[in-house]
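Novice: Supplied in structure tokens, the structure appears directly below.
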Amino acid sequence: MKRATLLFLTLLAACADETPRQPAARTETKPPCTSEWTRVGAGIDYRMLRCLHLVRIDPRLAHLDALVRPGQTAQRIAENEGYSVVLNANFFDDHFRPLGVVVTNGALANPPHPVSWQSVFSVTAERASITPVDSWKPEHVIAAAQAGPRLVVDGKRNDVLRARPDRRSGVCLSADGTIVLFATSDEAQYDVHEMVAIAADDLRCRDAMLFDGGPSTQLFVRGSANVPGDKNVPAFVVAR
């Protein structure tokens, strides 16, 4: 018993004399999620902000369109058809057919899908707009794609469900008529409320909406970015 007590006291003294060790400093590597605008082509610029890939498009200088290309990817379409920018757009059904409006080069390639919370991104010769499905009109529309939900409506945050954090893509319309396409990078996933805040506060959108997210999210920007996604995506917004 005395031997055990002596051993305990010896160990206690050794611990008391030991100099406390400082924990190793933690170094966190943050992704390079902020950059300046760089030119991709006439009327097309690229940057990153808040871990979002952003493509700023001046519709007076660059040509925008929407395509139905089942079984393709953003990168393959860009490489095969000469586009500078390709972004995924519509939702799709179990047979990988696009759901909702697609207008290609002024022609209706796919009809509207009557869903109240969705909207249509449209481009005419005069302006770009985001319109509820039930009030959308095809007259004079050069390109269009349907998805949702809307994030910003007439400069105000829209009241939408939060959903879980995920990959996101979409479009933002600025007050000056500039169009900004966006997609999350590999370093970030956002819920819908976070996307509302980014669209309203960081991008300062007059109007904004999401395209199909999750594994469908994909963006190719020639010489600047490649976010690969699911090859089952059938519809895309493109620019050159």
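Letters A, B, ... go to the chains of the structure tokens in the order shown; residues in each chain start at 1; ligands are counted from 1 in the same order.
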What are the closest atom pairs, with distances in Å to one decimal, for all residues of segment 31-120 of chain A lying within 12 Å of segment 223-233 of chain A? Consider only C-alpha atoms, order rows by chain and residue number, and present the result as a Markdown table.
Specialist:
| residue | atom | partner | partner_atom | distance |
| --- | --- | --- | --- | --- |
| A:Ser35 | CA | A:Ser224 | CA | 11.7 |
| A:Trp37 | CA | A:Ser224 | CA | 10.9 |
| A:Thr38 | CA | A:Ser224 | CA | 8.8 |
| A:Arg39 | CA | A:Ser224 | CA | 9.5 |
| A:Val40 | CA | A:Gly223 | CA | 7.4 |
| A:Gly41 | CA | A:Gly223 | CA | 10.2 |
| A:Ile44 | CA | A:Ser224 | CA | 11.5 |
| A:Asp45 | CA | A:Ser224 | CA | 9.7 |
| A:Tyr46 | CA | A:Ser224 | CA | 7.3 |
| A:Arg47 | CA | A:Ser224 | CA | 8.6 |
| A:Met48 | CA | A:Ala225 | CA | 9.7 |
| A:Leu52 | CA | A:Val227 | CA | 10.8 |
| A:His53 | CA | A:Ala225 | CA | 7.7 |
| A:Leu54 | CA | A:Ala225 | CA | 9.7 |
| A:Val55 | CA | A:Ala225 | CA | 10.0 |
| A:Leu67 | CA | A:Val233 | CA | 11.0 |
| A:Val68 | CA | A:Val233 | CA | 9.1 |
| A:Arg69 | CA | A:Val233 | CA | 7.9 |
| A:Pro70 | CA | A:Val233 | CA | 6.3 |
| A:Gly71 | CA | A:Asn232 | CA | 5.0 |
| A:Gln72 | CA | A:Lys231 | CA | 5.4 |
| A:Thr73 | CA | A:Lys231 | CA | 5.2 |
| A:Ala74 | CA | A:Pro228 | CA | 7.4 |
| A:Gln75 | CA | A:Asn226 | CA | 7.2 |
| A:Arg76 | CA | A:Lys231 | CA | 9.7 |
| A:Ile77 | CA | A:Lys231 | CA | 11.1 |
| A:Ala78 | CA | A:Asn226 | CA | 10.7 |
| A:Glu79 | CA | A:Gly223 | CA | 11.5 |
| A:Tyr83 | CA | A:Gly223 | CA | 11.7 |
| A:Ser84 | CA | A:Gly223 | CA | 8.6 |
| A:Val85 | CA | A:Ala225 | CA | 9.4 |
| A:Val86 | CA | A:Asn226 | CA | 9.6 |
| A:Leu87 | CA | A:Val227 | CA | 9.3 |
| A:Asn88 | CA | A:Val233 | CA | 7.0 |
| A:Ala89 | CA | A:Val233 | CA | 8.2 |
| A:Asn90 | CA | A:Val233 | CA | 8.2 |
| A:Phe91 | CA | A:Val233 | CA | 8.1 |
| A:Phe92 | CA | A:Val233 | CA | 7.4 |
| A:Asp93 | CA | A:Val233 | CA | 10.1 |
| A:Asp94 | CA | A:Asn232 | CA | 10.1 |
| A:His95 | CA | A:Asn232 | CA | 9.3 |
| A:Phe96 | CA | A:Asn232 | CA | 6.2 |
| A:Arg97 | CA | A:Val233 | CA | 8.5 |
| A:Pro98 | CA | A:Val233 | CA | 8.1 |
| A:Leu99 | CA | A:Val233 | CA | 11.0 |
Novice: Tell me, as an mmCIF file with C-alpha atoms, in the first residue's frame, which residues lie within 12 Å of Thr178 of chain A, counting only C-alpha atoms; anything in the same chain fewer than 3 positions away does not count.
Specialist:
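See around.cif below for the written result:
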data_model
loop_
_atom_site.group_PDB
_atom_site.id
_atom_site.type_symbol
_atom_site.label_atom_id
_atom_site.label_comp_id
_atom_site.auth_asym_id
_atom_site.auth_seq_id
_atom_site.Cartn_x
_atom_site.Cartn_y
_atom_site.Cartn_z
ATOM 1 C CA GLY A 43 -19.196 42.066 -74.069
ATOM 2 C CA ILE A 44 -18.222 39.124 -71.820
ATOM 3 C CA ASP A 45 -16.202 39.382 -68.570
ATOM 4 C CA VAL A 55 -19.976 35.947 -66.062
ATOM 5 C CA ARG A 56 -20.977 39.521 -66.880
ATOM 6 C CA ILE A 57 -22.608 39.895 -70.286
ATOM 7 C CA ASP A 58 -23.463 43.052 -72.185
ATOM 8 C CA PRO A 59 -26.317 41.926 -74.491
ATOM 9 C CA ARG A 60 -25.556 44.806 -76.870
ATOM 10 C CA LEU A 61 -22.157 43.275 -77.663
ATOM 11 C CA ALA A 62 -22.517 39.545 -77.002
ATOM 12 C CA VAL A 123 -33.879 38.072 -73.795
ATOM 13 C CA GLU A 126 -34.307 45.593 -76.133
ATOM 14 C CA ARG A 127 -33.796 43.996 -72.736
ATOM 15 C CA ALA A 128 -33.550 40.920 -70.554
ATOM 16 C CA SER A 129 -36.258 40.064 -68.036
ATOM 17 C CA VAL A 171 -28.937 34.551 -63.563
ATOM 18 C CA CYS A 172 -28.902 38.105 -62.196
ATOM 19 C CA LEU A 173 -30.194 41.171 -64.047
ATOM 20 C CA SER A 174 -28.670 44.512 -63.098
ATOM 21 C CA ALA A 175 -30.442 47.863 -63.225
ATOM 22 C CA LEU A 181 -24.701 34.350 -65.063
ATOM 23 C CA LEU A 203 -24.483 41.259 -56.873
ATOM 24 C CA ARG A 204 -27.066 44.037 -56.397
ATOM 25 C CA CYS A 205 -29.495 42.389 -58.779
ATOM 26 C CA ARG A 206 -32.661 44.120 -59.915
ATOM 27 C CA ASP A 207 -34.063 40.634 -60.586
ATOM 28 C CA ALA A 208 -32.525 37.202 -60.108
#
Novice: For atom CA of Gln146 of chain A and atom CA of Gly213 of chain A, determine how far apart the two atoms are, in Å to one decimal place.
Specialist: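 Computing the Euclidean distance for atom CA of Gln146 of chain A and atom CA of Gly213 of chain A yields 13.1 Å.
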Novice: Please run DSSP on the backbone and report, as a ChimeraX atom specification, all residues within segment 24-168 of chain A that come out as alpha helix (DSSP H).
Specialist: /A:74-81
Novice: If we count only C-alpha atoms, what is near Leu64 of chain A at a cut-off of 7 Å, once residues fewer than 2 positions away on the same chain are taken out, given as a count of residues only?
Specialist: 5
Novice: Out of A:Val237, A:Val152, A:Val133, A:Val192, which residue has the shortest atom-to-atom distance to Val115 of chain A when counting only C-alpha atoms?
Specialist: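 For Val115 of chain A, the nearest of the given residues is A:Val133.
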Novice: Which residue gives the smallest distance to Ala188 of chain A among A:Arg50, A:Arg222, A:Arg162, A:His63, with only C-alpha atoms counted?
Specialist: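 Result for the nearest residue to Ala188 of chain A: A:Arg50.
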